[in-house]
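Enquirer: Data file start08.txt (compact mmCIF, C-alpha atoms) is appended below.
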# COMPACT_ATOMS: atom_id res chain seq x y z
CA MET J 94 102.69 83.77 115.27
CA VAL J 95 103.24 86.27 112.55
CA THR J 96 102.09 87.88 109.46
CA PRO J 97 105.38 88.47 107.61
CA VAL J 98 106.51 92.04 107.51
CA PHE J 99 109.32 93.50 105.44
CA GLY J 100 110.68 96.93 106.31
CA ILE J 101 111.70 98.81 103.18
CA LEU J 102 113.20 102.26 103.35
CA LEU J 103 112.51 103.86 100.03
CA LEU J 104 113.29 107.23 98.49
CA LEU J 105 110.48 107.84 96.01
CA LEU J 106 110.67 110.50 93.30
CA PHE J 107 108.14 111.00 90.54
CA GLY J 108 106.78 113.65 88.24
CA SER J 109 103.83 114.27 86.00
CA LYS J 110 104.03 111.80 83.13
CA PRO J 111 101.70 110.54 80.39
CA THR J 112 99.58 107.45 80.94
CA LEU J 113 101.59 104.23 80.66
CA LYS J 114 100.43 100.88 79.31
CA LEU J 115 101.50 97.53 80.72
CA SER J 116 102.47 94.71 78.39
CA ALA J 117 99.88 92.58 80.20
CA PRO J 118 96.83 93.96 82.07
CA LEU J 119 96.50 93.66 85.85
CA GLU J 120 93.22 92.52 87.33
CA PRO J 121 92.16 94.80 90.21
CA LEU J 122 92.47 93.27 93.68
CA LEU J 123 90.88 95.94 95.85
CA GLY J 124 87.28 95.17 96.68
CA LYS J 125 87.63 91.48 95.83
CA ASP J 126 87.33 88.87 98.55
CA PRO J 127 86.48 91.35 101.31
CA PRO J 128 87.90 90.54 104.74
CA HIS J 129 85.97 88.68 107.41
CA ARG J 130 83.99 90.86 109.80
CA THR J 131 81.68 90.30 112.74
CA SER J 132 78.29 88.94 111.68
CA PRO J 133 75.35 91.38 111.79
CA GLY J 134 73.61 91.10 115.13
CA ALA J 135 76.52 89.40 116.88
CA ALA J 136 76.50 89.93 120.63
CA THR J 137 78.83 92.42 122.23
CA PHE J 138 81.54 90.93 124.41
CA ASP J 139 81.41 91.33 128.20
CA VAL J 140 84.89 92.10 129.56
CA ALA J 141 84.00 89.98 132.59
CA GLY J 142 84.94 87.07 130.31
CA LEU J 143 88.52 88.36 130.00
CA ASP J 144 91.58 87.95 132.15
CA SER J 145 94.44 90.42 131.82
CA ILE J 146 98.22 90.28 132.05
CA ALA J 147 99.70 93.53 133.33
CA ALA J 148 103.03 94.87 132.12
CA VAL J 149 105.81 93.79 134.47
CA ALA J 150 106.58 97.41 135.33
CA ASP J 151 103.06 97.69 136.76
CA THR J 152 103.49 94.69 139.07
CA GLY J 153 106.36 95.95 141.17
CA LEU J 154 108.75 93.28 139.85
CA ASP J 155 112.15 93.98 138.33
CA SER J 156 110.89 94.45 134.76
CA ILE J 157 114.15 93.61 132.96
CA ALA J 158 114.89 90.49 134.99
CA ALA J 159 111.31 89.22 135.01
CA VAL J 160 110.81 89.53 131.27
CA ALA J 161 114.30 88.31 130.31
CA ASP J 162 114.12 85.29 132.62
CA GLY J 163 110.82 84.12 131.17
CA ASN J 164 108.78 85.05 134.24
CA THR J 165 105.27 83.59 134.08
CA PRO J 166 103.04 86.57 134.87
CA THR J 167 99.91 86.55 136.99
CA ARG J 168 96.45 86.52 135.43
CA THR J 169 94.08 89.07 136.93
CA PRO J 170 90.50 90.13 136.31
CA PHE J 171 90.16 92.52 133.38
CA ILE J 172 92.37 95.62 133.45
CA SER J 173 91.48 98.11 130.74
CA ASP J 174 95.02 99.31 130.02
CA ALA J 175 96.78 95.92 130.20
CA PRO J 176 98.79 95.05 127.06
CA VAL J 177 97.69 91.38 126.99
CA HIS J 178 94.28 89.81 127.55
CA LEU J 179 92.92 86.25 127.56
CA ILE J 180 89.43 85.07 126.61
CA ARG J 181 88.78 82.40 129.23
CA GLY J 182 87.58 79.06 127.94
CA ALA J 183 86.46 80.23 124.52
CA LEU J 184 86.70 76.60 123.32
CA ASP J 185 85.85 73.54 125.39
CA GLU J 186 87.95 70.38 125.40
CA ALA J 187 85.81 68.65 122.77
CA ALA J 188 86.11 71.61 120.38
CA CYS J 189 89.88 71.77 120.83
CA ARG J 190 90.21 68.07 120.07
CA ARG J 191 87.94 68.48 117.04
CA PHE J 192 90.17 71.24 115.65
CA VAL J 193 93.33 69.16 116.11
CA ALA J 194 91.72 66.05 114.60
CA SER J 195 90.52 68.07 111.60
CA ALA J 196 94.06 69.34 110.97
CA ALA J 197 95.41 65.79 111.17
CA ALA J 198 92.75 64.60 108.70
CA HIS J 199 93.66 67.40 106.30
CA GLY J 200 97.38 66.69 106.59
CA GLY J 201 98.43 69.44 104.17
CA TRP J 202 100.87 71.22 106.44
CA THR J 203 102.89 73.92 104.72
CA THR J 204 105.69 76.29 105.66
CA GLY J 205 105.45 78.39 102.50
CA ARG J 206 102.68 80.89 103.29
CA HIS J 207 104.67 83.12 105.65
CA HIS J 208 108.06 84.41 104.61
CA LEU J 209 110.05 86.22 107.28
CA HIS J 210 108.80 84.06 110.15
CA PRO J 211 107.44 80.83 108.62
CA THR J 212 105.04 78.66 110.56
CA THR J 213 104.00 75.07 109.94
CA ASP J 214 100.29 75.60 109.34
CA ILE J 215 97.04 74.93 107.51
CA PRO J 216 94.66 77.76 106.48
CA ALA J 217 91.67 77.52 108.81
CA MET J 218 89.19 77.76 105.92
CA ASP J 219 90.63 74.49 104.55
CA LEU J 220 89.97 72.43 107.70
CA PRO J 221 87.50 69.62 106.91
CA GLY J 222 84.46 68.36 108.77
CA GLY J 223 82.90 71.79 109.30
CA VAL J 224 85.82 72.92 111.47
CA GLY J 225 86.84 75.63 108.98
CA THR J 226 83.43 77.26 109.32
CA GLU J 227 83.58 76.82 113.09
CA ALA J 228 86.96 78.56 113.21
CA LEU J 229 85.70 81.47 111.11
CA ASP J 230 82.63 81.87 113.31
CA LEU J 231 84.81 81.85 116.43
CA ALA J 232 87.10 84.55 115.05
CA ARG J 233 84.29 86.70 113.64
CA ASP J 234 81.79 86.57 116.45
CA VAL J 235 83.88 85.96 119.57
CA VAL J 236 87.43 87.20 118.97
CA LEU J 237 86.65 90.42 117.10
CA PRO J 238 84.05 91.57 119.66
CA ALA J 239 86.50 90.67 122.46
CA ILE J 240 89.28 92.72 120.85
CA ALA J 241 86.89 95.65 120.45
CA ALA J 242 85.83 95.44 124.10
CA ALA J 243 89.39 95.04 125.41
CA PHE J 244 91.34 97.50 123.29
CA ARG J 245 88.97 99.98 121.66
CA PRO J 246 85.57 100.09 123.40
CA GLU J 247 84.94 103.64 122.22
CA ARG J 248 85.10 102.60 118.54
CA GLY J 249 83.37 99.25 118.54
CA VAL J 250 83.82 96.20 116.35
CA ASN J 251 82.71 97.36 112.90
CA SER J 252 86.15 98.57 111.80
CA LEU J 253 87.87 95.28 112.76
CA SER J 254 88.51 92.57 110.18
CA PHE J 255 90.80 89.66 109.41
CA ARG J 256 91.85 87.56 106.44
CA ASP J 257 94.67 85.33 107.63
CA LEU J 258 93.46 82.63 110.02
CA PHE J 259 95.38 79.37 110.33
CA LEU J 260 96.09 76.40 112.57
CA ALA J 261 99.79 76.12 113.44
CA ARG J 262 101.73 73.16 114.84
CA TYR J 263 104.90 73.13 116.96
CA GLU J 264 106.83 69.88 117.36
CA ALA J 265 109.64 69.02 119.75
CA ASP J 266 110.94 66.47 117.23
CA PRO J 267 113.00 68.48 114.67
CA GLU J 268 112.32 65.85 112.00
CA LYS J 269 108.59 66.61 112.21
CA GLY J 270 108.70 70.39 112.22
CA GLN J 271 109.60 73.53 114.10
CA ALA J 272 109.58 73.72 117.89
CA GLY J 273 108.86 77.43 118.24
CA LEU J 274 108.96 80.81 116.55
CA GLY J 275 111.62 83.44 117.26
CA LYS J 276 111.12 86.98 118.50
CA HIS J 277 109.20 89.14 116.05
CA LYS J 278 106.47 91.71 115.62
CA ASP J 279 103.36 91.16 113.53
CA GLY J 280 102.19 93.34 110.67
CA SER J 281 98.66 93.30 112.04
CA VAL J 282 97.16 95.84 114.42
CA PHE J 283 96.02 93.03 116.73
CA SER J 284 96.95 89.35 116.91
CA PHE J 285 95.37 86.38 118.63
CA ASN J 286 96.09 82.71 119.21
CA ALA J 287 93.91 80.01 120.76
CA LEU J 288 95.64 77.13 122.53
CA LEU J 289 94.18 73.82 121.31
CA SER J 290 96.50 71.42 123.18
CA GLU J 291 96.74 70.51 126.88
CA ASP J 292 99.85 71.88 128.56
CA GLY J 293 101.58 69.03 130.38
CA ASP J 294 99.70 66.25 128.59
CA ASP J 295 100.07 67.03 124.88
CA PHE J 296 103.26 69.07 125.19
CA ARG J 297 105.75 70.61 127.58
CA GLY J 298 107.51 73.94 127.23
CA GLY J 299 105.94 76.35 124.78
CA GLY J 300 103.98 79.42 125.80
CA THR J 301 104.03 82.90 124.27
CA TRP J 302 106.65 85.33 125.49
CA VAL J 303 105.48 88.95 125.19
CA GLU J 304 108.01 91.67 125.93
CA PRO J 305 106.00 93.75 128.42
CA VAL J 306 104.82 90.80 130.50
CA GLY J 307 106.95 87.64 130.17
CA VAL J 308 105.84 84.14 129.17
CA VAL J 309 102.06 83.78 128.99
CA ARG J 310 100.82 80.21 129.38
CA PRO J 311 97.14 80.01 128.42
CA ARG J 312 94.99 77.07 129.40
CA ARG J 313 93.58 74.88 126.65
CA GLY J 314 90.68 76.73 125.03
CA ASP J 315 91.88 80.19 126.08
CA ILE J 316 92.55 82.82 123.40
CA LEU J 317 95.46 85.22 123.83
CA LEU J 318 94.96 88.78 122.54
CA HIS J 319 97.65 91.43 122.07
CA ARG J 320 98.70 94.26 119.80
CA GLY J 321 100.66 93.10 116.77
CA ASP J 322 103.46 95.61 117.34
CA LEU J 323 104.48 94.06 120.67
CA LEU J 324 107.69 92.03 120.41
CA HIS J 325 106.77 88.41 121.11
CA GLU J 326 107.97 84.84 120.63
CA GLY J 327 106.52 81.34 120.43
CA ARG J 328 108.65 79.54 123.01
CA PRO J 329 109.94 76.13 121.83
CA VAL J 330 108.14 73.02 123.02
CA THR J 331 110.47 70.55 124.73
CA SER J 332 108.29 67.49 124.22
CA GLY J 333 105.10 66.60 122.40
CA THR J 334 103.08 68.74 119.99
CA ARG J 335 101.41 72.11 120.54
CA HIS J 336 98.57 73.29 118.28
CA VAL J 337 97.28 76.87 118.12
CA LEU J 338 94.70 78.70 116.01
CA VAL J 339 96.22 82.02 114.95
CA GLY J 340 94.74 85.14 113.36
CA PHE J 341 95.74 88.69 112.46
CA VAL J 342 93.32 91.59 112.78
CA GLN J 343 93.41 94.88 110.91
CA VAL J 344 91.64 98.14 111.70
CA ASP J 345 90.16 100.12 108.84
CA ASP J 346 91.12 103.51 110.22
CA ASP J 347 94.70 102.30 110.73
CA VAL J 348 95.31 101.23 107.13
CA GLY J 349 93.27 103.84 105.29
CA ASP J 350 90.39 102.98 102.97
CA ASN J 351 92.15 100.26 101.02
CA VAL J 352 90.69 97.36 102.98
CA GLY J 353 88.04 96.92 100.28
CA ASP J 354 84.31 97.51 100.15
CA GLY J 355 83.25 94.35 98.33
CA ASN J 356 80.09 95.90 96.88
CA GLY J 357 81.42 97.29 93.61
CA SER J 358 80.62 100.89 94.51
CA ARG J 359 84.26 101.99 94.21
CA ARG J 360 86.93 101.44 91.63
CA SER J 361 90.66 101.16 92.06
CA GLU J 362 93.42 102.60 89.92
CA LEU J 363 97.05 101.80 89.24
CA VAL J 364 99.70 104.50 89.62
CA LEU J 365 103.44 104.44 89.20
CA ARG J 366 105.99 105.32 91.86
CA THR J 367 109.66 105.59 90.93
CA VAL J 368 112.15 104.37 93.53
CA ALA J 369 115.32 106.39 93.13
CA SER J 370 117.42 104.73 95.83
CA LEU J 371 117.25 101.92 98.38
CA PRO J 372 116.38 101.29 101.14
CA LEU J 373 114.02 103.00 103.69
CA GLY J 374 110.59 104.65 103.73
CA MET J 375 107.72 102.24 104.44
CA VAL J 376 106.74 98.90 105.92
CA VAL J 377 104.79 96.36 103.89
CA GLU J 378 102.88 93.24 104.90
CA VAL J 379 102.38 90.15 102.77
CA ASP J 380 98.71 89.26 103.28
CA THR J 381 98.62 85.50 102.83
CA GLY J 382 94.95 85.17 103.70
CA LEU J 383 93.88 85.62 100.10
CA ASN J 384 94.57 84.08 96.72
CA PRO J 385 96.24 85.85 95.06
CA THR J 386 98.05 87.24 98.03
CA ARG J 387 98.65 90.95 98.45
CA VAL J 388 101.48 93.21 99.51
CA LEU J 389 99.96 95.97 101.65
CA VAL J 390 101.67 99.15 102.82
CA THR J 391 101.04 99.22 106.58
CA GLU J 392 103.30 102.07 107.65
CA VAL J 393 104.88 105.12 106.03
CA SER J 394 107.50 107.09 107.96
CA ALA J 395 106.16 110.53 108.87
CA GLY J 396 108.06 113.24 107.04
CA GLY J 397 110.07 110.71 105.06
CA GLU J 398 110.52 110.65 101.32
CA ALA J 399 107.80 108.04 100.84
CA ALA J 400 105.30 110.22 102.69
CA GLN J 401 106.36 113.24 100.66
CA ALA J 402 105.79 111.18 97.52
CA ASP J 403 102.20 110.48 98.65
CA VAL J 404 102.72 106.79 99.29
CA ARG J 405 99.89 105.89 101.65
CA ARG J 406 99.04 103.34 104.24
CA GLY J 407 96.67 100.92 102.53
CA ASP J 408 98.32 101.06 99.10
CA LEU J 409 98.85 97.69 97.44
CA LEU J 410 102.22 97.09 95.76
CA ARG J 411 101.42 95.13 92.61
CA GLY J 412 104.86 94.74 91.08
CA LEU J 413 107.99 96.16 89.51
CA LEU J 414 107.81 97.73 86.08
CA VAL J 415 110.90 96.95 84.01
CA GLY J 416 111.71 98.60 80.71
CA LYS J 417 110.62 101.83 79.07
CA GLY J 418 107.24 102.79 77.72
CA GLU J 419 105.07 99.68 77.68
CA GLY J 420 106.80 97.98 80.56
CA GLU J 421 107.12 94.34 81.52
CA LEU J 422 105.62 93.75 84.96
CA THR J 423 107.27 91.56 87.59
CA PRO J 424 104.34 90.68 89.91
CA PHE J 425 104.65 91.35 93.63
CA ASP J 426 102.88 88.77 95.83
CA SER J 427 103.79 86.01 98.27
CA ARG J 428 104.95 83.67 95.49
CA THR J 429 107.35 86.24 94.06
CA PHE J 430 108.17 88.15 97.27
CA GLU J 431 111.69 86.84 97.72
CA ASP J 432 112.47 87.23 94.01
CA VAL J 433 111.29 90.83 94.02
CA MET J 434 113.29 91.56 97.16
CA GLY J 435 116.31 90.13 95.37
CA VAL J 436 115.72 92.39 92.37
CA LEU J 437 115.42 95.42 94.64
CA ALA J 438 118.61 94.51 96.51
CA GLY J 439 120.43 93.89 93.25
CA ARG J 440 119.45 97.30 91.89
CA LYS J 441 120.83 99.18 94.88
CA GLY J 442 123.02 101.95 93.46
CA LYS J 443 122.01 101.08 89.87
CA GLY J 444 119.33 103.65 89.25
CA PRO J 445 115.60 103.87 89.82
CA VAL J 446 113.04 101.09 90.12
CA ARG J 447 109.42 101.69 89.17
CA LEU J 448 106.74 100.32 91.49
CA VAL J 449 103.16 99.72 90.39
CA VAL J 450 100.73 100.71 93.17
CA GLU J 451 96.99 100.01 93.39
CA ARG J 452 94.71 102.24 95.46
CA TRP J 453 91.10 103.36 95.53
CA ALA J 454 90.41 106.13 93.03
CA GLU J 455 89.41 109.38 94.66
CA LYS J 456 86.11 110.70 93.37
CA GLY J 457 86.62 113.76 91.24
CA ALA J 458 90.27 114.11 92.19
CA VAL J 459 93.29 113.82 89.95
CA ASN J 460 96.78 113.94 91.39
CA GLU J 461 99.07 115.68 88.92
CA ASN J 462 102.00 113.70 90.27
CA ASP J 463 100.49 110.31 89.44
CA ASP J 464 101.61 108.23 86.50
CA ARG J 465 98.41 106.52 85.34
CA ILE J 466 98.68 102.93 84.20
CA LYS J 467 96.29 101.02 81.96
Would it be possible to restate this file's structure as structure tokens?

Expert:
Amino acid sequence: MVTPVFGILLLLLFGSKPTLKLSAPLEPLLGKDPPHRTSPGAATFDVAGLDSIAAVADTGLDSIAAVADGNTPTRTPFISDAPVHLIRGALDEAACRRFVASAAAHGGWTTGRHHLHPTTDIPAMDLPGGVGTEALDLARDVVLPAIAAAFRPERGVNSLSFRDLFLARYEADPEKGQAGLGKHKDGSVFSFNALLSEDGDDFRGGGTWVEPVGVVRPRRGDILLHRGDLLHEGRPVTSGTRHVLVGFVQVDDDVGDNVGDGNGSRRSELVLRTVASLPLGMVVEVDTGLNPTRVLVTEVSAGGEAAQADVRRGDLLRGLLVGKGEGELTPFDSRTFEDVMGVLAGRKGKGPVRLVVERWAEKGAVNENDDRIK
């Protein structure tokens, strides 16, 4: 289950330049369609409702053999420093069946929303019969408080948010779809997936392999919680169909201030960054939970050229600027992601590439190194 991430190592050089004008204006994205957060007054989550999966090294087992062989780890009562947790029975059988039936009624399965690790899925907000709203409420008011209680009790839930929430399907029959999802890391700070199908009745095989613990096999209605940077895999189903509700959670203080405020009190600005050589320097995430989608900088290598060029976590990459003066913009979003990556690869060794970046304007501050764009 993955939000696609593309590692780009970039050497960024820029200088003080006059304001540039684009051939076509860009509509600001920051502050629009704010992410989903816990509802005001939502109850805190009691960790007594969580089970934990300890890292294999903490269980006394041979960690390499146990993880590599697909060892099914033991569930225990809540352990504060465990890498994986499970919300027990967050959905009852009737709710799980309702989610699956709603997806079948919708029928608009797609594999085009996620790029590096595509899933066969439907955006949760599109599920008919009130299930979309039910899924959002579950994620906002159960999952986010549970993540706060399990992983960051000292900071609480207010800084947690999500945009991408979808129902994914795994099929043993290759003519119907994909059976699993290969090893990967997510671009989110935290990830979760709720099992909607009955293991042994609806499907066989499956489960989520997580590197520190082995193959986790939730019960129907359980929700698996883990950090997005843990290597993990959706194990292939060997028969039947497995349905899961998947979401990716960000933390405001981990991506800077560019998560959006939604109240119009701040304005964003466009600045130009000139890429002198490829690759290396930062990691970006394609946020498919919005329309239009966004390309968000989620990591900048400390001490690297990108960091020295003041590229920041939370910046949005809006496109490539081609030409001199009033440039022609090649947009950068999920629809054009592969094309833009192709342009970048094709320009390796052929001179600089100019990136258009959107970020929140700093009150009363002007960076002399920024190229302003109108």

Enquirer: If you measure from CA of Arg320 in chain J to CA of Arg452 in chain J, what distance in Å do you get, rounded to one decimal?

Expert: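 Interatomic distance, CA of Arg320 in chain J to CA of Arg452 in chain J: 25.9 Å.
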
Enquirer: For Ala196 in chain J, which residue out of J:Leu338, J:Phe171, J:Pro127, J:Val330 is the nearest one, using all atoms listed in the file?

Expert: J:Leu338

Enquirer: Between CA of Pro216 in chain J and CA of Asp144 in chain J, what is the distance in Å, rounded to a tenth?

Expert: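 Those two atoms sit 27.8 Å apart.
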
Enquirer: Using all atoms listed in the file, determine which residues lie at most 7 Å from range 245-261 of chain J, disregarding the query and same-chain residues fewer than 3 positions distant; provide the list as a PDB file with C-alpha atoms, in the coordinates of the input.

Expert:
ATOM      1  CA  PRO J 128      87.900  90.540 104.740  1.00  0.00           C
ATOM      2  CA  HIS J 129      85.970  88.680 107.410  1.00  0.00           C
ATOM      3  CA  ARG J 130      83.990  90.860 109.800  1.00  0.00           C
ATOM      4  CA  THR J 212     105.040  78.660 110.560  1.00  0.00           C
ATOM      5  CA  THR J 213     104.000  75.070 109.940  1.00  0.00           C
ATOM      6  CA  ASP J 214     100.290  75.600 109.340  1.00  0.00           C
ATOM      7  CA  ILE J 215      97.040  74.930 107.510  1.00  0.00           C
ATOM      8  CA  PRO J 216      94.660  77.760 106.480  1.00  0.00           C
ATOM      9  CA  ALA J 217      91.670  77.520 108.810  1.00  0.00           C
ATOM     10  CA  LEU J 237      86.650  90.420 117.100  1.00  0.00           C
ATOM     11  CA  PRO J 238      84.050  91.570 119.660  1.00  0.00           C
ATOM     12  CA  ALA J 241      86.890  95.650 120.450  1.00  0.00           C
ATOM     13  CA  ALA J 242      85.830  95.440 124.100  1.00  0.00           C
ATOM     14  CA  HIS J 336      98.570  73.290 118.280  1.00  0.00           C
ATOM     15  CA  VAL J 337      97.280  76.870 118.120  1.00  0.00           C
ATOM     16  CA  LEU J 338      94.700  78.700 116.010  1.00  0.00           C
ATOM     17  CA  VAL J 339      96.220  82.020 114.950  1.00  0.00           C
ATOM     18  CA  GLY J 340      94.740  85.140 113.360  1.00  0.00           C
ATOM     19  CA  PHE J 341      95.740  88.690 112.460  1.00  0.00           C
ATOM     20  CA  VAL J 342      93.320  91.590 112.780  1.00  0.00           C
ATOM     21  CA  GLN J 343      93.410  94.880 110.910  1.00  0.00           C
ATOM     22  CA  VAL J 344      91.640  98.140 111.700  1.00  0.00           C
ATOM     23  CA  ASP J 345      90.160 100.120 108.840  1.00  0.00           C
ATOM     24  CA  THR J 381      98.620  85.500 102.830  1.00  0.00           C
ATOM     25  CA  GLY J 382      94.950  85.170 103.700  1.00  0.00           C
ATOM     26  CA  LEU J 383      93.880  85.620 100.100  1.00  0.00           C
TER      27      LEU J 383
END

Enquirer: Between CA of Leu184 in chain J and CA of Gly314 in chain J, what is the spacing in Å?

Expert: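 Pair CA of Gly314 in chain J / CA of Leu184 in chain J returns 4.3 Å.
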
Enquirer: So which one's closest to Arg233 in chain J, J:Glu291, J:Pro305, J:Thr137, J:Asp279? Using all atoms listed in the file, please.

Expert: J:Thr137

Enquirer: Using all atoms listed in the file, determine which residues lie at most 6 Å from Arg447 in chain J, disregarding the query and same-chain residues fewer than 2 positions distant; provide the list as number ranges by chain.

Expert: J: 366-368, 413-414

Enquirer: Between J:Ser281, J:Gly396, J:Asp322, J:Arg328, single out the one closest to Ala265 in chain J, counting all atoms listed in the file.

Expert: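 With all atoms listed in the file as the atom set, the closest residue is J:Arg328.
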
Enquirer: For Ala136 in chain J, which of J:Gly298, J:Leu317, J:Asp234, J:Leu409 is the closest residue, counting all atoms listed in the file?

Expert: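 Ranked by minimum distance to Ala136 in chain J, first place goes to J:Asp234.
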
Enquirer: Hey, which of J:Gly374, J:Ala187, J:Asp294, J:Gly280 ends up closest to Val388 in chain J? Count only C-alpha atoms.

Expert: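 The shortest atom-to-atom distance to Val388 in chain J comes from J:Gly280.
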
Enquirer: In terms of the shortest atom-to-atom distance over all atoms listed in the file, which of J:Phe296, J:Asp266, J:His319, J:Glu455 is closest to Val282 in chain J?

Expert: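 For Val282 in chain J, the nearest of the candidates is J:His319.
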
Enquirer: With 5 Å on each side, where is the centre of the axis-aligned box around all listed atoms of range 189-197 of chain J, and how long are its edges in Å to one decimal, as JSON?

Expert:
{"center_x": 91.7, "center_y": 68.8, "center_z": 115.9, "size_x": 17.5, "size_y": 16.0, "size_z": 19.9}
